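First the structure, in the form of structure tokens, and then the observations on it.
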Amino acid sequence: MSTTTSRPPVLGGKQGESEKGGGRGRVRKGSKGAGRQLHGGKLTYAVLAVFTVGSLFPLVWTAIAASRNNTRLAQTPPPFWFGGNLFKNLEIAWTDANMGTALFNTTLVAGSISAGTVLFSTLAGFAFAKLRFRFQNVLLLMVIGTMMVPPQLSVVPLYMMVAKLSWTDQLQAVILPTLVSAFGVFFMRQYLLGALPAELIEAARVDGASSWRVVWHVVFPAARPAMAVLGMLTFVMAWNDFFWPIIALTQNGSPTVQVALTGLGRGYIPDQSVIMAGALLGTLPLLIAFVLFGKHIVGGIMQGAVKG
């Protein structure tokens with residue numbers, strides 16, 4: 001009897017211990033999976049530091065060169081620290097290149113091109129992704145095929161058209177030909193294929209929503225992360241565009257920043273410090289935009305990457 005009475009507590013004790021141990025194991029496993037943070041090693045931080053310094057070096061060197069004079073920049077070794085001519089060179093570049101007008105024109109051009117590209121590319125991408133119409137695949141291949149054509153081949157007919165419309169040296173000559181891009185259409189089409197369920201469109205149709213209401217209340221909210229990325233990329237490309245603006249615009253008329261900077265390199269001996277100061281003036285607005293809206297852009301990208 002003593003043997004039989006002593007076994008259940010022992011078995012019960014082992015079972016309790018196993019349950020407690022299993023519970024502790026589950027807690028540990030859950031805590032490791034849920035609250036665990038990834039930390040990089042020393043090699044990871046060293047590589048990141050090297051790439052960070054390499055990325056910042058051109059900007060820092062531009063600021064250093066803008067703070068020196070032309071004589072010091074021509075010496076060997078070149079300067080590696082700031083001088084005292086920065087504000088003087090910035091003032092010369094601002095006056096000689098008419099940077100106030102150029103910055104306003106570039107902001108208007110880049111903003112208009114970005115807004116138009118995002119709007120029209122989203123509409124076209126939605127049509128190619130979720131609508132069904134005749135010759136859909138053929139038209140998509142034609143749009144993608146335009147990406148293979150070098151832009152230099154279209155300069156002559158485009159300039160003839162602009163001259164015929166009397167748009168030379170006017171901002172619409174730079175804005176209108178680039179209001180939509182084949183890359184933007186393809187990018188939005190690929191994004192909406194996976195990010196926009198067909199059930200949402202069908203539900204909106206059942207509720208009696210028109211096509212424009214579906215686009216406004218269903219397509220645009222779903223495509224917002226991709227629209228933010230496309231708008232950022234388009235704005236940077238339009239801001240730095242040089243090839244077509246230097247053909248369609250002049251420095252004395254309605255120049256953009258890139259066109260205005262060409263005037264600083266004229267002369268028998270161009271002043272490299274003033275040129276660097278003008279380049280710094282043209283770069284600062286982009287840096288300010290990234291500082292102000294960088295978190296929103298990254299947040300939009302992460303919102304599109306995480307599926308609820």
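Identifiers for the structure tokens are assigned positionally: chains receive A, B, ... in sequence, residues are indexed from 1 per chain, and ligands are indexed from 1 in the order shown.
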
Show me, as a ChimeraX atom specification, the residues that have an atom within 12 Å of stretch 151-160 of chain A when counting only C-alpha atoms, minus same-chain residues fewer than 6 positions from it. /A:166-169,173-174,176-178,181,243-249

Find the residues near A:Leu139: any atom within 12 Å, counting only C-alpha atoms, skip ones fewer than 5 places away on the same chain, and give them as an MDAnalysis selection string. chainID A and resid 124:125 127:128 133:134 144:146 182 185:186

Report the closest atom pair, with its distance in Å rounded to one decimal, for each residue of stretch 59-166 of chain A that has an atom no farther than 12 Å from stretch 216-227 of chain A; count only C-alpha atoms, sort by chain and then rising residue number, and write it as a tab-separated table.
```
residue	atom	partner	partner_atom	distance
A:Ser114	CA	A:Met227	CA	9.8
A:Ala115	CA	A:Met227	CA	9.6
A:Gly116	CA	A:Met227	CA	11.3
A:Thr117	CA	A:Met227	CA	9.4
A:Val118	CA	A:Met227	CA	5.9
A:Leu119	CA	A:Met227	CA	8.4
A:Phe120	CA	A:Met227	CA	10.8
A:Ser121	CA	A:Met227	CA	9.0
A:Thr122	CA	A:Met227	CA	7.5
A:Leu123	CA	A:Val219	CA	8.7
A:Ala124	CA	A:Val219	CA	11.5
A:Gly125	CA	A:Ala223	CA	10.0
A:Phe126	CA	A:Val219	CA	7.4
A:Ala127	CA	A:Val219	CA	10.5
A:Ala129	CA	A:Val219	CA	11.1
A:Lys130	CA	A:Val219	CA	10.2
```

Since we have the selection now, will you write its residues out, keeping all heavy atoms, as a compact mmCIF listing (two decimals), in the first residue's frame?
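Written out: out.txt:
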```txt
# COMPACT_ATOMS: atom_id res chain seq x y z
N SER A 114 6.84 65.58 -61.58
CA SER A 114 6.59 64.51 -60.60
C SER A 114 5.10 64.27 -60.41
O SER A 114 4.65 63.12 -60.39
CB SER A 114 7.24 64.88 -59.26
OG SER A 114 8.63 65.06 -59.41
N ALA A 115 4.32 65.35 -60.27
CA ALA A 115 2.88 65.20 -60.08
C ALA A 115 2.23 64.55 -61.30
O ALA A 115 1.40 63.64 -61.17
CB ALA A 115 2.24 66.56 -59.79
N GLY A 116 2.60 65.00 -62.49
CA GLY A 116 2.03 64.42 -63.70
C GLY A 116 2.43 62.97 -63.88
O GLY A 116 1.59 62.13 -64.26
N THR A 117 3.69 62.66 -63.63
CA THR A 117 4.14 61.28 -63.80
C THR A 117 3.46 60.34 -62.82
O THR A 117 3.03 59.24 -63.19
CB THR A 117 5.67 61.21 -63.62
OG1 THR A 117 6.30 62.04 -64.59
CG2 THR A 117 6.17 59.79 -63.76
N VAL A 118 3.32 60.76 -61.57
CA VAL A 118 2.66 59.91 -60.58
C VAL A 118 1.19 59.70 -60.93
O VAL A 118 0.68 58.57 -60.86
CB VAL A 118 2.81 60.54 -59.18
CG1 VAL A 118 1.92 59.81 -58.17
CG2 VAL A 118 4.25 60.49 -58.72
N LEU A 119 0.50 60.76 -61.33
CA LEU A 119 -0.92 60.65 -61.65
C LEU A 119 -1.15 59.77 -62.86
O LEU A 119 -1.90 58.77 -62.81
CB LEU A 119 -1.50 62.04 -61.88
CG LEU A 119 -2.96 62.09 -62.34
CD1 LEU A 119 -3.88 61.49 -61.29
CD2 LEU A 119 -3.37 63.52 -62.67
N PHE A 120 -0.52 60.10 -63.98
CA PHE A 120 -0.78 59.37 -65.22
C PHE A 120 -0.22 57.96 -65.17
O PHE A 120 -0.82 57.04 -65.73
CB PHE A 120 -0.19 60.14 -66.40
CG PHE A 120 -0.84 61.47 -66.64
CD1 PHE A 120 -0.10 62.63 -66.75
CD2 PHE A 120 -2.23 61.58 -66.75
CE1 PHE A 120 -0.70 63.86 -66.96
CE2 PHE A 120 -2.84 62.80 -66.95
CZ PHE A 120 -2.07 63.95 -67.06
N SER A 121 0.91 57.77 -64.52
CA SER A 121 1.47 56.42 -64.42
C SER A 121 0.60 55.52 -63.55
O SER A 121 0.44 54.33 -63.84
CB SER A 121 2.88 56.48 -63.85
OG SER A 121 3.75 57.19 -64.70
N THR A 122 0.01 56.08 -62.48
CA THR A 122 -0.89 55.29 -61.64
C THR A 122 -2.14 54.89 -62.40
O THR A 122 -2.60 53.74 -62.32
CB THR A 122 -1.25 56.07 -60.37
OG1 THR A 122 -0.06 56.46 -59.69
CG2 THR A 122 -2.12 55.23 -59.45
N LEU A 123 -2.71 55.83 -63.15
CA LEU A 123 -3.91 55.51 -63.93
C LEU A 123 -3.61 54.46 -64.99
O LEU A 123 -4.36 53.49 -65.16
CB LEU A 123 -4.45 56.79 -64.58
CG LEU A 123 -4.99 57.86 -63.63
CD1 LEU A 123 -5.41 59.10 -64.41
CD2 LEU A 123 -6.17 57.33 -62.83
N ALA A 124 -2.51 54.64 -65.73
CA ALA A 124 -2.16 53.67 -66.77
C ALA A 124 -1.77 52.33 -66.16
O ALA A 124 -2.13 51.27 -66.69
CB ALA A 124 -1.03 54.22 -67.63
N GLY A 125 -1.04 52.37 -65.05
CA GLY A 125 -0.67 51.12 -64.39
C GLY A 125 -1.87 50.35 -63.88
O GLY A 125 -1.92 49.12 -63.98
N PHE A 126 -2.87 51.05 -63.35
CA PHE A 126 -4.11 50.40 -62.92
C PHE A 126 -4.84 49.77 -64.10
O PHE A 126 -5.36 48.65 -64.00
CB PHE A 126 -5.00 51.41 -62.22
CG PHE A 126 -6.41 50.97 -62.03
CD1 PHE A 126 -6.73 49.89 -61.22
CD2 PHE A 126 -7.45 51.61 -62.70
CE1 PHE A 126 -8.04 49.47 -61.05
CE2 PHE A 126 -8.75 51.20 -62.54
CZ PHE A 126 -9.06 50.12 -61.71
N ALA A 127 -4.88 50.48 -65.23
CA ALA A 127 -5.55 49.94 -66.41
C ALA A 127 -4.87 48.67 -66.90
O ALA A 127 -5.53 47.67 -67.21
CB ALA A 127 -5.58 50.99 -67.52
N ALA A 129 -3.00 46.67 -65.14
CA ALA A 129 -2.95 45.63 -64.11
C ALA A 129 -4.30 44.97 -63.86
O ALA A 129 -4.37 43.74 -63.69
CB ALA A 129 -2.42 46.22 -62.81
N LYS A 130 -5.39 45.77 -63.84
CA LYS A 130 -6.67 45.23 -63.35
C LYS A 130 -7.81 45.31 -64.37
O LYS A 130 -8.84 44.67 -64.15
CB LYS A 130 -7.08 45.99 -62.08
CG LYS A 130 -6.13 45.79 -60.91
CD LYS A 130 -6.01 44.32 -60.53
CE LYS A 130 -5.02 44.11 -59.40
NZ LYS A 130 -4.91 42.69 -59.01
```

Separation of atom CA of A:Phe51 from atom CA of A:Phe235, in Å and rounded to one decimal: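 Distance reported for this atom pair: 24.4 Å.
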
My list of candidates is A:Leu43, A:Ala238, A:Met161, A:Leu86. Which is closest to A:Thr62 when distances are computed with only C-alpha atoms?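 The answer is A:Leu86, which sits nearest to A:Thr62.
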
I'd like the contact shell of stretch 254-261 of chain A - 9 Å cut-off, only C-alpha atoms, skipping same-chain residues fewer than 4 positions apart - returned as a PyMOL selection string. chain A and resi 93+96-99+101-107+109+169-171+239-242+245-246+249-250+265+275+278-279+281-282

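If you measure from each of A:Pro58, A:Gly184, A:Pro285, A:Gly41 to A:Ala228 using only C-alpha atoms, the closest one turns out to be A:Gly184.
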
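One finds atom CA of A:Thr283 at 18.6 Å from atom CA of A:Asn85.
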
Just list as a PyMOL selection string whatever in stretch 71-188 of chain A DSSP marks as helix (DSSP H, G or I). chain A and resi 71-73+86-96+99-130+136-148+151-164+172-178+182-188

Neighbouring residues of A:Trp61 were defined as those with any atom within 10 Å, considering only C-alpha atoms; residues of the same chain fewer than 3 positions away were excluded. Please report them as a PDB file with all heavy atoms, in the first residue's frame.
```pdb
ATOM      1  N   LEU A  56      29.343  60.429 -48.572  1.00  0.00           N
ATOM      2  CA  LEU A  56      29.357  61.835 -48.160  1.00  0.00           C
ATOM      3  C   LEU A  56      30.556  62.610 -48.697  1.00  0.00           C
ATOM      4  O   LEU A  56      30.532  63.846 -48.697  1.00  0.00           O
ATOM      5  CB  LEU A  56      29.348  61.926 -46.628  1.00  0.00           C
ATOM      6  CG  LEU A  56      28.079  61.464 -45.925  1.00  0.00           C
ATOM      7  CD1 LEU A  56      28.260  61.551 -44.410  1.00  0.00           C
ATOM      8  CD2 LEU A  56      26.889  62.302 -46.356  1.00  0.00           C
ATOM      9  N   PHE A  57      31.585  61.910 -49.151  1.00  0.00           N
ATOM     10  CA  PHE A  57      32.803  62.604 -49.572  1.00  0.00           C
ATOM     11  C   PHE A  57      32.567  63.589 -50.721  1.00  0.00           C
ATOM     12  O   PHE A  57      33.098  64.717 -50.662  1.00  0.00           O
ATOM     13  CB  PHE A  57      33.874  61.585 -49.959  1.00  0.00           C
ATOM     14  CG  PHE A  57      35.150  62.231 -50.442  1.00  0.00           C
ATOM     15  CD1 PHE A  57      36.030  62.808 -49.543  1.00  0.00           C
ATOM     16  CD2 PHE A  57      35.454  62.269 -51.789  1.00  0.00           C
ATOM     17  CE1 PHE A  57      37.200  63.409 -49.977  1.00  0.00           C
ATOM     18  CE2 PHE A  57      36.615  62.869 -52.240  1.00  0.00           C
ATOM     19  CZ  PHE A  57      37.498  63.444 -51.329  1.00  0.00           C
ATOM     20  N   PRO A  58      31.820  63.259 -51.787  1.00  0.00           N
ATOM     21  CA  PRO A  58      31.619  64.257 -52.849  1.00  0.00           C
ATOM     22  C   PRO A  58      30.949  65.532 -52.357  1.00  0.00           C
ATOM     23  O   PRO A  58      31.331  66.642 -52.769  1.00  0.00           O
ATOM     24  CB  PRO A  58      30.737  63.518 -53.867  1.00  0.00           C
ATOM     25  CG  PRO A  58      31.011  62.081 -53.631  1.00  0.00           C
ATOM     26  CD  PRO A  58      31.232  61.961 -52.161  1.00  0.00           C
ATOM     27  N   ILE A  64      34.067  72.050 -49.370  1.00  0.00           N
ATOM     28  CA  ILE A  64      35.444  72.500 -49.125  1.00  0.00           C
ATOM     29  C   ILE A  64      35.951  73.329 -50.298  1.00  0.00           C
ATOM     30  O   ILE A  64      36.550  74.404 -50.124  1.00  0.00           O
ATOM     31  CB  ILE A  64      36.360  71.291 -48.873  1.00  0.00           C
ATOM     32  CG1 ILE A  64      35.993  70.617 -47.548  1.00  0.00           C
ATOM     33  CG2 ILE A  64      37.826  71.711 -48.866  1.00  0.00           C
ATOM     34  CD1 ILE A  64      36.766  69.337 -47.289  1.00  0.00           C
ATOM     35  N   ALA A  65      35.714  72.843 -51.530  1.00  0.00           N
ATOM     36  CA  ALA A  65      36.173  73.586 -52.707  1.00  0.00           C
ATOM     37  C   ALA A  65      35.453  74.922 -52.833  1.00  0.00           C
ATOM     38  O   ALA A  65      36.041  75.908 -53.290  1.00  0.00           O
ATOM     39  CB  ALA A  65      35.947  72.739 -53.960  1.00  0.00           C
ATOM     40  N   ALA A  66      34.175  74.965 -52.432  1.00  0.00           N
ATOM     41  CA  ALA A  66      33.433  76.226 -52.506  1.00  0.00           C
ATOM     42  C   ALA A  66      33.910  77.246 -51.492  1.00  0.00           C
ATOM     43  O   ALA A  66      33.655  78.447 -51.656  1.00  0.00           O
ATOM     44  CB  ALA A  66      31.938  75.957 -52.307  1.00  0.00           C
ATOM     45  N   SER A  67      34.613  76.802 -50.470  1.00  0.00           N
ATOM     46  CA  SER A  67      35.097  77.724 -49.441  1.00  0.00           C
ATOM     47  C   SER A  67      36.533  78.191 -49.688  1.00  0.00           C
ATOM     48  O   SER A  67      37.089  78.925 -48.870  1.00  0.00           O
ATOM     49  CB  SER A  67      35.017  77.050 -48.064  1.00  0.00           C
ATOM     50  OG  SER A  67      35.886  75.937 -48.005  1.00  0.00           O
ATOM     51  N   PRO A  79      43.272  71.135 -50.969  1.00  0.00           N
ATOM     52  CA  PRO A  79      42.853  71.351 -49.572  1.00  0.00           C
ATOM     53  C   PRO A  79      41.886  70.268 -49.106  1.00  0.00           C
ATOM     54  O   PRO A  79      41.086  69.753 -49.890  1.00  0.00           O
ATOM     55  CB  PRO A  79      42.167  72.722 -49.620  1.00  0.00           C
ATOM     56  CG  PRO A  79      41.688  72.842 -51.021  1.00  0.00           C
ATOM     57  CD  PRO A  79      42.715  72.148 -51.879  1.00  0.00           C
ATOM     58  N   PHE A  80      41.981  69.939 -47.843  1.00  0.00           N
ATOM     59  CA  PHE A  80      41.085  68.944 -47.243  1.00  0.00           C
ATOM     60  C   PHE A  80      40.333  69.506 -46.049  1.00  0.00           C
ATOM     61  O   PHE A  80      39.793  68.748 -45.245  1.00  0.00           O
ATOM     62  CB  PHE A  80      41.884  67.701 -46.818  1.00  0.00           C
ATOM     63  CG  PHE A  80      42.419  66.914 -47.968  1.00  0.00           C
ATOM     64  CD1 PHE A  80      43.746  67.042 -48.358  1.00  0.00           C
ATOM     65  CD2 PHE A  80      41.599  66.069 -48.689  1.00  0.00           C
ATOM     66  CE1 PHE A  80      44.245  66.317 -49.425  1.00  0.00           C
ATOM     67  CE2 PHE A  80      42.086  65.338 -49.754  1.00  0.00           C
ATOM     68  CZ  PHE A  80      43.414  65.460 -50.128  1.00  0.00           C
ATOM     69  N   TRP A  81      40.315  70.828 -45.923  1.00  0.00           N
ATOM     70  CA  TRP A  81      39.534  71.454 -44.859  1.00  0.00           C
ATOM     71  C   TRP A  81      38.967  72.765 -45.389  1.00  0.00           C
ATOM     72  O   TRP A  81      39.388  73.278 -46.429  1.00  0.00           O
ATOM     73  CB  TRP A  81      40.366  71.667 -43.608  1.00  0.00           C
ATOM     74  CG  TRP A  81      39.537  72.014 -42.408  1.00  0.00           C
ATOM     75  CD1 TRP A  81      39.536  73.181 -41.715  1.00  0.00           C
ATOM     76  CD2 TRP A  81      38.569  71.171 -41.780  1.00  0.00           C
ATOM     77  NE1 TRP A  81      38.629  73.135 -40.685  1.00  0.00           N
ATOM     78  CE2 TRP A  81      38.012  71.891 -40.709  1.00  0.00           C
ATOM     79  CE3 TRP A  81      38.114  69.877 -42.025  1.00  0.00           C
ATOM     80  CZ2 TRP A  81      37.028  71.380 -39.875  1.00  0.00           C
ATOM     81  CZ3 TRP A  81      37.128  69.367 -41.200  1.00  0.00           C
ATOM     82  CH2 TRP A  81      36.595  70.103 -40.144  1.00  0.00           C
ATOM     83  N   PHE A  82      37.983  73.303 -44.674  1.00  0.00           N
ATOM     84  CA  PHE A  82      37.251  74.462 -45.140  1.00  0.00           C
ATOM     85  C   PHE A  82      38.101  75.731 -45.044  1.00  0.00           C
ATOM     86  O   PHE A  82      38.936  75.876 -44.151  1.00  0.00           O
ATOM     87  CB  PHE A  82      35.961  74.630 -44.326  1.00  0.00           C
ATOM     88  CG  PHE A  82      35.023  73.460 -44.443  1.00  0.00           C
ATOM     89  CD1 PHE A  82      35.069  72.422 -43.514  1.00  0.00           C
ATOM     90  CD2 PHE A  82      34.115  73.402 -45.474  1.00  0.00           C
ATOM     91  CE1 PHE A  82      34.198  71.350 -43.620  1.00  0.00           C
ATOM     92  CE2 PHE A  82      33.249  72.324 -45.584  1.00  0.00           C
ATOM     93  CZ  PHE A  82      33.289  71.306 -44.665  1.00  0.00           C
ATOM     94  N   MET A 276      31.819  75.298 -57.858  1.00  0.00           N
ATOM     95  CA  MET A 276      31.458  74.403 -56.756  1.00  0.00           C
ATOM     96  C   MET A 276      30.423  75.053 -55.844  1.00  0.00           C
ATOM     97  O   MET A 276      29.531  74.373 -55.313  1.00  0.00           O
ATOM     98  CB  MET A 276      32.701  74.021 -55.961  1.00  0.00           C
ATOM     99  CG  MET A 276      33.653  73.115 -56.700  1.00  0.00           C
ATOM    100  SD  MET A 276      32.882  71.523 -57.100  1.00  0.00           S
ATOM    101  CE  MET A 276      34.236  70.710 -57.948  1.00  0.00           C
TER     102      MET A 276
END
```

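Across the structure, atom CA of A:Gly111 and atom CA of A:Gly231 are spaced 8.9 Å apart.
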
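Among the candidate residues A:Ser55, A:Asn137, A:Ser112, A:Ser210, the one lying nearest to A:Gln172 is A:Ser112, with distances computed using only C-alpha atoms.
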